[in-house]
2 protein chains.
Amino acid sequence: MRSQQLLSEGDLSTRARIRQAAVARFGRDGFDASLRTIARDAGVSAASVVKTFGSKEALRDECDEYVFAVIRDGKRSVIAAPSGAPGAFIGQLARMDEYRPLIAYVLRTIQSGGDTARSFIEHMVEDALGYVADGVAAGMVVPSRDEEARIRFLIGATLGNLLLALATEPDPSAIERAEFWDRALNALTLPALEVYTEGFLTDRAMLDAYLLYVPDPPTDSSGVPA
Amino acid sequence: MRSQQLLSEGDLSTRARIRQAAVARFGRDGFDASLRTIARDAGVSAASVVKTFGSKEALRDECDEYVFAVIRDGKRSVIAAPSGAPGAFIGQLARMDEYRPLIAYVLRTIQSGGDTARSFIEHMVEDALGYVADGVAAGMVVPSRDEEARIRFLIGATLGNLLLALATEPDPSAIERAEFWDRALNALTLPALEVYTEGFLTDRAMLDAYLLYVPDPPTDSSGVPA
DNA sequence: GGCCAGAGTAAACATGCGTTTACTCTGGTG
DNA sequence: CACCAGAGTAAACGCATGTTTACTCTGGCC
């Protein structure tokens with residue numbers, strides 16, 4: 001583990017320069033980006049990248065650690081603010097110039113799936129469990145019959161909408177411009193707030209029918225069916 | 001355009017057999033699946049695939065046309081039923097054995113983005129505009145300040161949650177087993193119905209603040225702010 | 001029978017990839 | 001100075017991919 005001077009544009013060690021280029025390139029093009037491309041971005045040879053990190057996979061591992069460390073460290077100061085809309089914290093990060101490449105990297109991670117994506121989502125769920133419970137206790141958030149399932153649904157809704165915006169963007173370089181994120185997040189905010197405060201269905205028929213049909217709303221320990 | 005005997009397991013023309021294998025393999029492994037793998041699945045050589053379709057891209061194009069033709073034809077009879085929860089129609093399809101490979105293919109299409117994904121989503125939006133408007137007119141659905149934005153958000157929420165389930169599934173072959181889709185859809189149904197009928201936030205503060213801050217809720221023609 | 005069009009293939013080819021090898025250069029130390 | 005460890009690289013290697021080439025086989029028609 002190197003001493004990570006987290007975000008700075010000045011002169012970096014070769015290792016840090018390659019890592020930075022890799023995070024940006026992986027975020028822009030996905031993890032199929034070639035070592036030669038990353039090397040060119042960093043101003044070194046492809047052989048250097050392998051010599052420095054050992055392999056492409058090891059480079060990606062270090063990028064993972066770096067990105068998630070930065071987000072984990074910066075989160076507490078950002079996530080607390082708008083406890084209302086889940087996923088708002090990612091939105092806040094994406095509007096900040098220096099964090100934007102990291103957000104792109106995270107979305108690519110989730111898009112490409114696998115263990116890394118899963119563990120990141122588990123972290124989000126765990127965090128959200130905490131502050132949504134706070135919201136419920138404070139009377140700001142409607143309680144749920146299955147808190148974790150609701151949180152997964154809401155996180156999936158937010159990440160999914162961002163993934164869709166990412167996947168359907170024709171210009172791959174748009175992802176690193178603020179304008180793209182403004183557009184994507186603005187399009188989401190109003191409908192999210194509407195659905196979250198006013199709902200979508202006017203009556204409880206479908207929900208009640210489902211609750212009747214499925215007698216097992218899995219509360220934490222023992223359900224209390226019919 | 002060949003005469004497409006849409007879904008049948010019997011003896012097919014080589015062309016149809018390769019197409020079927022390609023749809024299944026693309027759906028399971030994504031579009032990076034190699035021609036040789038698809039050829040093996042279809043019981044032919046890789047050269048045959050190229051000779052029959054001209055190129056891998058042409059094969060994918062024909063798979064696109066085929067899958068979306070089948071879905072388009074079958075949709076009317078399925079989409080009309082549960083006008084309540086958006087995306088429920090995909091859920092219905094995914095539970096039917098013979099349609100499941102097609103759903104996987106659609107999700108892979110959206111995951112990999114590009115023009116095909118975009119145009120498919122536009123079709124979904126256009127359709128949904130119709131039947132959500134019906135729902136609003138019938139008093140079953142809450143009206144929105146920006147109907148299209150809400151539909152995009154809801155479609156993104158549904159597709160996004162399915163994409164997440166797909167991406168975080170460790171076993172890539174799970175996608176073609178009914179159990180996977182049951183699990184994914186069951187996990188989504190309760191929280192979706194909850195949020196859609198009971199909302200998530202207890203008071204209008206955040207929504208009202210947003211409406212005040214952004215004086216341009218783009219209704220179709222002229223907004224009526226304040 | 002003779003033969004030929006069409007379907008199918010094995011083997012080669014070109015390309016891009018991650019990685020390895022053998023080398024050059026350079027700056028500090030004895 | 002001598003030299004040598006470390007950083008960096010160009011060139012080659014092995015491999016998988018999509019595609020092409022030259023071939024074999026087979027079935028129907030005169």
# chains A, B, ... in the order shown; residues from 1 in each chain; ligands from 1
$ closest_atom_pairs --of "chain C" --to "chain B" --cutoff "10 Å" --atoms "only C-alpha atoms (C1' of nucleotides)" --output "CSV"
residue,atom,partner,partner_atom,distance
C:DA7,C1',B:Ser48,CA,8.7
C:DG8,C1',B:Ser48,CA,6.5
C:DT9,C1',B:Ser45,CA,6.7
C:DA10,C1',B:Ser45,CA,9.3
$ write_last_selection --atoms "N, CA and C atoms (P, O5', C5', C4', C3', O3' and C1' of nucleotides)" --output "compact mmCIF listing (two decimals), in the first residue's frame"
# COMPACT_ATOMS: atom_id res chain seq x y z
P DA C 7 -26.96 -22.68 -49.82
O5' DA C 7 -26.42 -23.69 -48.74
C5' DA C 7 -26.86 -25.05 -48.78
C4' DA C 7 -25.94 -25.91 -47.94
C3' DA C 7 -25.46 -25.22 -46.66
O3' DA C 7 -25.55 -26.14 -45.59
C1' DA C 7 -23.61 -25.98 -47.91
P DG C 8 -25.26 -25.59 -44.09
O5' DG C 8 -23.76 -26.07 -43.87
C5' DG C 8 -23.47 -27.47 -43.82
C4' DG C 8 -21.97 -27.65 -43.79
C3' DG C 8 -21.27 -26.86 -42.67
O3' DG C 8 -20.76 -27.77 -41.70
C1' DG C 8 -20.10 -26.76 -44.76
P DT C 9 -20.02 -27.16 -40.42
O5' DT C 9 -18.50 -27.38 -40.81
C5' DT C 9 -18.13 -28.59 -41.44
C4' DT C 9 -16.70 -28.49 -41.94
C3' DT C 9 -15.75 -27.85 -40.92
O3' DT C 9 -14.69 -28.74 -40.66
C1' DT C 9 -15.46 -26.89 -43.07
P DA C 10 -14.06 -28.77 -39.21
O5' DA C 10 -12.52 -28.93 -39.59
C5' DA C 10 -12.17 -29.73 -40.73
C4' DA C 10 -10.83 -29.25 -41.30
C3' DA C 10 -9.80 -28.83 -40.27
O3' DA C 10 -8.52 -29.21 -40.74
C1' DA C 10 -10.32 -26.98 -41.65
$ select_by_dssp --residues "region 3-217 of chain A" --states "helix (DSSP H, G or I)" --output "ChimeraX atom specification"
/A:14-29,35-42,46-53,56-79,88-94,100-112,114-137,147-167,172-176,178-198,205-213
$ closest_residue --among "B:Ser112, B:Ser13, B:Asn161, B:Ser34" --to "chain D" --atoms "only C-alpha atoms (C1' of nucleotides)"
B:Ser34
$ residues_around --residues "Leu166 (chain A)" --least-positions-apart "4" --cutoff "8 Å" --atoms "only C-alpha atoms (C1' of nucleotides)" --output "ChimeraX atom specification"
/A:162,175 /B:113
$ interface_residues --of "chain B" --to "chain D" --cutoff "8 Å" --atoms "only C-alpha atoms (C1' of nucleotides)" --output "MDAnalysis selection string"
chainID B and resid 34:35 50 55:56
$ interface_residues --of "chain B" --to "chain A" --cutoff "6 Å" --atoms "only C-alpha atoms" --output "ChimeraX atom specification"
/B:113-114,118,140-142,150,156-157,160-161,167-168,191,193,196-202,207
$ residues_around --residues "Asp61 (chain B)" --least-positions-apart "2" --cutoff "12 Å" --atoms "only C-alpha atoms (C1' of nucleotides)" --output "VMD selection string"
chain B and resid 1 19 22 to 23 31 53 to 59 63 to 68 109 115 to 116
$ atom_distance --atom1 "CA of Gly27 (chain A)" --atom2 "CA of Ser173 (chain A)"
9.8 Å
$ atom_distance --atom1 "CA of Ala94 (chain A)" --atom2 "CA of Asp182 (chain A)"
8.6 Å
$ atom_distance --atom1 "CA of Ala137 (chain B)" --atom2 "CA of Ala184 (chain A)"
28.9 Å
$ decode --residues "region 13-26 of chain C" --atoms "C-alpha atoms (C1' of nucleotides)" --output "PDB file, in the first residue's frame"
ATOM      1  C1'  DC C  13      -4.405 -15.038 -41.803  1.00  0.00           C
ATOM      2  C1'  DA C  14      -4.463 -10.360 -39.724  1.00  0.00           C
ATOM      3  C1'  DT C  15      -5.084  -7.907 -35.709  1.00  0.00           C
ATOM      4  C1'  DG C  16      -5.155  -6.500 -30.999  1.00  0.00           C
ATOM      5  C1'  DC C  17      -4.450  -7.996 -26.587  1.00  0.00           C
ATOM      6  C1'  DG C  18      -1.639  -8.875 -21.987  1.00  0.00           C
ATOM      7  C1'  DT C  19       2.743 -10.159 -20.962  1.00  0.00           C
ATOM      8  C1'  DT C  20       7.926 -11.246 -21.219  1.00  0.00           C
ATOM      9  C1'  DT C  21      12.571 -10.512 -22.532  1.00  0.00           C
ATOM     10  C1'  DA C  22      16.608  -8.247 -23.252  1.00  0.00           C
ATOM     11  C1'  DC C  23      18.196  -3.839 -23.663  1.00  0.00           C
ATOM     12  C1'  DT C  24      19.346   1.207 -22.552  1.00  0.00           C
ATOM     13  C1'  DC C  25      19.732   5.043 -19.859  1.00  0.00           C
ATOM     14  C1'  DT C  26      20.594   7.621 -15.663  1.00  0.00           C
TER      15       DT C  26
END
